[in-house]
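See below for upload18.cif, which holds mmCIF, C-alpha atoms.
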data_my_file
#
loop_
_atom_site.label_atom_id
_atom_site.label_comp_id
_atom_site.auth_asym_id
_atom_site.auth_seq_id
_atom_site.Cartn_x
_atom_site.Cartn_y
_atom_site.Cartn_z
CA MET Q 11 0.00 0.00 0.00
CA SER Q 12 1.34 3.45 -0.92
CA VAL Q 13 2.16 5.97 1.81
CA GLY Q 14 -0.51 8.40 0.62
CA THR Q 15 -3.26 5.78 0.56
CA TYR Q 16 -2.17 4.39 3.93
CA LEU Q 17 -2.16 7.88 5.46
CA ARG Q 18 -5.63 8.69 4.11
CA GLU Q 19 -7.14 5.36 5.22
CA ALA Q 20 -5.60 5.73 8.69
CA ARG Q 21 -7.10 9.22 9.00
CA GLU Q 22 -10.54 8.07 7.84
CA ALA Q 23 -10.43 5.00 10.10
CA ALA Q 24 -9.75 7.30 13.06
CA GLY Q 25 -12.79 9.37 12.08
CA TYR Q 26 -10.98 12.61 11.23
CA SER Q 27 -11.58 14.94 8.30
CA VAL Q 28 -8.73 16.82 6.63
CA GLU Q 29 -9.95 20.03 8.27
CA GLU Q 30 -10.00 18.43 11.74
CA ILE Q 31 -6.44 17.14 11.30
CA SER Q 32 -5.40 20.62 10.18
CA SER Q 33 -7.01 22.25 13.22
CA LEU Q 34 -5.30 19.86 15.64
CA THR Q 35 -1.84 19.86 14.05
CA ARG Q 36 -1.71 23.33 12.44
CA ILE Q 37 -0.71 21.66 9.17
CA ARG Q 38 -2.51 23.40 6.29
CA PRO Q 39 -5.35 21.35 4.68
CA ALA Q 40 -3.70 21.72 1.24
CA VAL Q 41 -0.49 20.18 2.61
CA ILE Q 42 -2.40 17.25 4.16
CA LYS Q 43 -4.17 16.60 0.85
CA ASP Q 44 -0.83 16.74 -0.97
CA LEU Q 45 0.66 14.23 1.49
CA GLU Q 46 -2.21 11.84 0.79
CA ALA Q 47 -1.57 12.38 -2.94
CA GLU Q 48 2.18 11.71 -2.34
CA ASN Q 49 3.11 15.25 -3.37
CA PHE Q 50 5.71 16.44 -0.84
CA ILE Q 51 6.70 19.75 -2.46
CA SER Q 52 4.20 21.86 -0.50
CA SER Q 53 5.63 20.47 2.75
CA GLY Q 54 8.98 22.05 1.97
CA GLY Q 55 10.74 18.82 1.04
CA ASN Q 56 11.01 15.25 2.24
CA ALA Q 57 12.37 16.12 5.70
CA TYR Q 58 9.35 18.28 6.56
CA ALA Q 59 6.95 15.86 4.86
CA ARG Q 60 8.32 13.11 7.11
CA GLY Q 61 7.75 15.34 10.15
CA HIS Q 62 4.13 16.04 9.11
CA ILE Q 63 3.52 12.32 8.56
CA ARG Q 64 4.89 11.56 12.06
CA THR Q 65 2.58 14.17 13.59
CA ILE Q 66 -0.51 12.88 11.78
CA ALA Q 67 0.35 9.22 12.47
CA GLN Q 68 0.64 9.89 16.21
CA LEU Q 69 -2.68 11.74 16.19
CA VAL Q 70 -4.61 8.97 14.39
CA ASN Q 71 -2.75 6.28 16.40
CA THR Q 72 -1.58 4.25 13.41
CA ASP Q 73 1.53 2.12 12.78
CA LEU Q 74 4.22 4.81 12.51
CA ASP Q 75 7.04 2.44 11.52
CA ARG Q 76 5.00 0.97 8.69
CA LEU Q 77 4.00 4.43 7.50
CA LEU Q 78 7.59 5.74 7.50
CA THR Q 79 8.80 2.60 5.72
CA ALA Q 80 6.22 3.22 3.00
CA PHE Q 81 7.34 6.86 2.83
CA GLU Q 82 11.00 5.89 2.43
CA GLU Q 83 10.13 3.39 -0.31
CA CYS Q 84 8.04 6.02 -2.09
CA THR Q 85 10.74 8.72 -1.95
CA GLY Q 86 13.78 6.46 -2.26
CA GLU Q 87 15.08 7.73 1.09
CA ASN Q 88 16.29 4.27 2.09
CA ASN Q 89 18.71 4.28 -0.85
CA ARG Q 90 20.25 7.69 -0.11
CA PRO Q 91 23.59 8.02 1.67
CA MET Q 92 23.32 9.08 5.31
CA ILE Q 93 25.35 12.24 4.63
CA GLU Q 94 22.64 13.48 2.24
CA LEU Q 95 19.90 12.86 4.81
CA LEU Q 96 21.86 14.79 7.43
CA GLU Q 97 22.50 17.64 4.99
CA GLU Q 98 18.77 17.84 4.26
CA ASN Q 99 18.25 18.67 7.96
CA ASN Q 100 21.33 20.90 8.06
CA ALA Q 101 22.76 18.62 10.75
CA THR Q 102 26.13 18.56 8.98
CA SER Q 103 27.89 20.15 6.02
CA HIS Q 104 29.40 18.26 3.14
CA ARG Q 105 32.42 19.90 1.60
CA GLN Q 106 33.29 18.96 -1.92
CA ARG Q 107 36.96 19.01 -2.75
CA SER Q 108 38.05 20.13 -6.19
CA SER Q 109 41.44 19.25 -7.56
CA VAL Q 110 43.89 22.07 -8.36
CA LYS Q 111 46.06 21.71 -11.41
CA ILE Q 112 49.57 23.09 -10.73
CA THR Q 113 51.07 24.79 -13.78
CA PRO Q 114 54.33 26.79 -14.29
CA LYS Q 115 52.30 30.01 -14.26
CA PHE Q 116 50.76 28.98 -10.96
CA LEU Q 117 54.23 28.38 -9.45
CA VAL Q 118 55.52 31.77 -10.64
CA ALA Q 119 52.47 33.51 -9.14
CA ALA Q 120 52.92 31.63 -5.85
CA VAL Q 121 56.59 32.65 -5.61
CA SER Q 122 55.67 36.29 -6.29
CA ILE Q 123 53.11 36.21 -3.50
CA VAL Q 124 55.62 34.72 -1.04
CA VAL Q 125 58.21 37.42 -1.88
CA GLY Q 126 55.59 40.14 -1.51
CA VAL Q 127 54.52 38.80 1.89
CA ALA Q 128 58.18 38.69 3.03
CA ILE Q 129 58.47 42.41 2.23
CA ILE Q 130 55.14 43.44 3.72
CA ILE Q 131 55.35 41.56 7.05
CA PRO Q 132 58.25 43.57 8.59
CA SER Q 133 56.56 46.85 7.68
CA GLY Q 134 53.27 45.60 9.06
CA LEU Q 135 54.89 44.56 12.33
CA ALA Q 136 56.42 48.01 12.76
CA ILE Q 137 53.06 49.70 12.18
CA ALA Q 138 51.32 47.27 14.52
CA LYS Q 139 53.88 47.99 17.24
CA LYS Q 140 53.13 51.73 17.02
CA VAL Q 141 49.39 51.10 17.17
CA VAL Q 142 49.78 48.85 20.24
CA HIS Q 143 51.80 51.50 22.09
CA LYS Q 144 49.21 54.13 21.26
CA SER Q 145 46.35 51.87 22.39
CA VAL Q 146 48.10 51.15 25.70
CA ALA Q 147 48.52 54.88 26.34
CA VAL Q 148 44.83 55.56 25.64
CA SER Q 149 43.72 52.64 27.83
CA THR Q 150 45.90 53.87 30.71
CA SER Q 151 44.42 57.36 30.54
CA LYS Q 152 40.90 55.96 30.75
CA ALA Q 153 41.62 53.41 33.48
CA SER Q 154 40.72 55.84 36.28
CA GLN Q 155 37.38 56.77 34.74
CA PRO Q 156 34.31 54.85 36.02
CA GLN Q 157 32.97 52.40 33.47
CA GLN Q 158 29.27 52.44 32.64
CA GLN Q 159 27.60 49.05 32.43
CA SER Q 160 25.26 48.60 29.52
CA ILE Q 161 21.72 47.73 30.47
CA THR Q 162 20.47 44.79 28.47
CA PRO Q 163 16.71 44.55 27.98
CA ALA Q 164 15.05 41.44 29.39
CA ALA Q 165 15.11 39.84 25.94
CA ASN Q 166 15.68 36.42 27.41
CA ARG Q 167 12.41 36.42 29.34
CA GLY Q 168 9.83 33.96 28.07
CA VAL Q 169 10.26 30.85 25.94
CA VAL Q 170 13.00 31.14 23.31
CA ILE Q 171 13.08 28.65 20.44
CA LYS Q 172 16.31 28.74 18.44
CA ALA Q 173 17.43 26.72 15.39
CA SER Q 174 20.92 26.22 16.83
CA SER Q 175 22.24 23.48 14.55
CA GLY Q 176 20.04 23.39 11.47
CA THR Q 177 16.74 24.37 9.89
CA SER Q 178 13.48 23.36 11.57
CA TRP Q 179 9.72 23.91 11.32
CA LEU Q 180 7.71 25.50 14.13
CA SER Q 181 4.04 26.01 14.92
CA VAL Q 182 2.91 27.82 18.10
CA VAL Q 183 -0.61 28.50 19.44
CA ASP Q 184 -1.78 29.86 22.78
CA SER Q 185 -4.39 28.29 25.08
CA ASN Q 186 -7.14 30.16 23.20
CA GLY Q 187 -6.14 28.52 19.93
CA THR Q 188 -4.66 31.72 18.50
CA LEU Q 189 -1.87 30.98 16.03
CA LEU Q 190 1.24 32.87 17.15
CA PHE Q 191 3.74 31.49 14.63
CA SER Q 192 3.86 28.91 11.86
CA GLY Q 193 6.73 28.47 9.46
CA LYS Q 194 10.35 27.56 8.92
CA LEU Q 195 13.16 28.54 11.27
CA ALA Q 196 16.39 28.93 9.31
CA SER Q 197 19.62 27.86 10.97
CA GLY Q 198 20.59 30.47 13.58
CA ALA Q 199 17.13 32.08 13.68
CA SER Q 200 15.06 32.25 16.86
CA GLN Q 201 11.60 33.17 18.10
CA ILE Q 202 10.54 34.26 21.61
CA PHE Q 203 7.07 33.71 23.06
CA ASP Q 204 5.27 34.91 26.20
CA PRO Q 205 3.91 31.84 28.06
CA THR Q 206 1.46 33.89 30.19
CA ASN Q 207 -1.56 32.69 28.20
CA GLY Q 208 -0.20 29.16 27.76
CA LEU Q 209 1.62 27.77 24.74
CA SER Q 210 1.40 24.65 22.60
CA MET Q 211 4.35 24.10 20.26
CA THR Q 212 4.92 21.58 17.49
CA ILE Q 213 8.58 21.41 16.48
CA GLY Q 214 9.95 19.61 13.42
CA ASN Q 215 13.59 18.41 13.35
CA ALA Q 216 13.83 18.66 17.14
CA GLY Q 217 17.52 17.76 17.07
CA ALA Q 218 18.34 21.16 15.55
CA ILE Q 219 16.42 23.12 18.18
CA SER Q 220 17.48 24.54 21.55
CA VAL Q 221 14.90 25.79 24.06
CA SER Q 222 15.41 28.20 26.94
CA VAL Q 223 12.83 29.37 29.46
CA ASN Q 224 13.48 32.72 31.16
CA GLY Q 225 17.13 32.48 30.20
CA LYS Q 226 17.60 28.88 31.42
CA ASP Q 227 18.70 26.35 28.79
CA GLN Q 228 16.45 23.28 28.77
CA GLY Q 229 18.94 21.03 26.97
CA SER Q 230 18.20 18.66 24.07
CA ILE Q 231 14.52 18.09 23.26
CA GLY Q 232 14.83 15.41 20.60
CA ARG Q 233 16.71 13.90 17.68
CA VAL Q 234 17.37 15.03 14.11
CA GLY Q 235 14.22 14.67 12.01
CA GLU Q 236 12.04 14.00 15.08
CA VAL Q 237 8.83 15.95 15.68
CA LYS Q 238 8.23 17.10 19.26
CA THR Q 239 5.32 18.82 21.00
CA LEU Q 240 5.90 21.16 23.97
CA SER Q 241 3.19 22.64 26.20
CA PHE Q 242 3.31 25.48 28.74
CA ALA Q 243 0.32 25.94 31.05
CA PRO Q 244 -1.17 29.43 31.46
CA ALA Q 245 0.14 31.44 34.40
CA GLN Q 246 -2.09 31.29 37.47
CA THR Q 247 -3.43 34.66 38.73
CA ASN Q 248 -5.07 35.50 42.02
CA GLY Q 249 -8.67 36.57 41.36
#

Let me see the file written as structure tokens.
Amino acid sequence: MSVGTYLREAREAAGYSVEEISSLTRIRPAVIKDLEAENFISSGGNAYARGHIRTIAQLVNTDLDRLLTAFEECTGENNRPMIELLEENNATSHRQRSSVKITPKFLVAAVSIVVGVAIIIPSGLAIAKKVVHKSVAVSTSKASQPQQQSITPAANRGVVIKASSGTSWLSVVDSNGTLLFSGKLASGASQIFDPTNGLSMTIGNAGAISVSVNGKDQGSIGRVGEVKTLSFAPAQTNG
């Protein structure tokens, strides 16, 4: 059975419509329909399609291993080298080496560069020495002056989600069902959320994500390619 057919039958057997699955997972209905038609482009690629399939499979309580096996057979993932799968999640970088052909012209140019560097370095050292002496004099004159400490805004308050080691996908809603964020987090990007009204987060490629709460690192939340859900209860107030 194909992955799309299996996914659709599992959804229908669990009694869910496409719209209900979309409401519960924050995956757009068009993307769910494309997954069931085995069109993974709208998901953003195979890595994100796999994450969506995991999320849906857990919701409809179907055989996840069987579903992922069907997905890998459909996409040919099981025949791809591991380095390519890691690159797809930005978990590693693959550097291609190109050969350099050494010619007589190349050798002449290299020798010229070496001679030029030999001439420039002594002059550069002399200039650097003067700059260092000047910097020391300036630093000494300012040593007695009181230093002002910069005041950093409380930017680390709240829940910070950062794509520390690769690209991930993130969907965040509050306890009222209001969508706060949905989209891709590029490597190095981050989002901060106020947990006062409660938060429910679905994170794709959990291995690339770091989470901190009020400035405290929460450590690893999952593995590369794994989809994780995090929840933060609303703050209690005295009525």

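Non-sequential neighbours of Ala243 in chain Q (distance at most 10 Å, separation of 5 or more positions within a chain, all atoms listed in the file) are Asp184, Ser185, Pro205, Thr206, Asn207, Gly208, Leu209 and Ser210 of chain Q.
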
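Candidate residues Q:Val237, Q:Phe191, Q:Ser181, Q:Asp204 were compared for distance to Ala67 in chain Q, and the nearest is Q:Val237, using all atoms listed in the file.
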
*Output the residue selection produced by the PyMOL selection byres ((chain Q and resi 172) around 9) on the file above, formatted as number ranges by chain.*
Q: 170-171, 173-175, 195, 197-202, 218-222

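The two atoms in question, CA of Phe242 in chain Q and CA of Gly25 in chain Q, are spaced 28.2 Å apart.
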
Residue contacts of Ala24 in chain Q (9 Å, only C-alpha atoms) excluding same-chain residues fewer than 2 positions away, as a PDB file with C-alpha atoms, keeping the file's coordinate frame:
ATOM      1  CA  GLU Q  19      -7.140   5.360   5.220  1.00  0.00           C
ATOM      2  CA  ALA Q  20      -5.600   5.730   8.690  1.00  0.00           C
ATOM      3  CA  ARG Q  21      -7.100   9.220   9.000  1.00  0.00           C
ATOM      4  CA  GLU Q  22     -10.540   8.070   7.840  1.00  0.00           C
ATOM      5  CA  TYR Q  26     -10.980  12.610  11.230  1.00  0.00           C
ATOM      6  CA  LEU Q  69      -2.680  11.740  16.190  1.00  0.00           C
ATOM      7  CA  VAL Q  70      -4.610   8.970  14.390  1.00  0.00           C
ATOM      8  CA  ASN Q  71      -2.750   6.280  16.400  1.00  0.00           C
ATOM      9  CA  THR Q  72      -1.580   4.250  13.410  1.00  0.00           C
TER      10      THR Q  72
END

*Show which residues sit within 8 Å of Thr212 in chain Q, as a PyMOL selection string. Count only C-alpha atoms, and ignore same-chain residues fewer than 6 positions away.*
chain Q and resi 35+180-182+237-240

*asked:* Counting only C-alpha atoms, which residue out of Q:Ile42, Q:Leu17, Q:Leu34, Q:Ala196 sits closest to Met211 in chain Q?
replied: Q:Leu34

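Across the structure, CA of Arg38 in chain Q and CA of Gly193 in chain Q are spaced 11.0 Å apart.
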
*Show me as JSON, numbers by chain the residues that reach within 12 Å of (-2.3, 12.5, 1.4), counting all atoms listed in the file and using the file's own coordinates.*
{"Q": [12, 13, 14, 15, 16, 17, 18, 19, 20, 21, 22, 27, 28, 31, 38, 39, 40, 41, 42, 43, 44, 45, 46, 47, 48, 49, 50, 52, 53, 59, 62, 63, 66, 67, 77, 81]}

*Take CA of Asn215 in chain Q and CA of Gln68 in chain Q and report the distance between them in Å, one decimal.*
15.8 Å

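If all atoms listed in the file are the atoms counted, then among Q:Thr79, Q:Thr188, Q:Asn56, Q:Ser178 the closest residue to Ser33 in chain Q is Q:Thr188.
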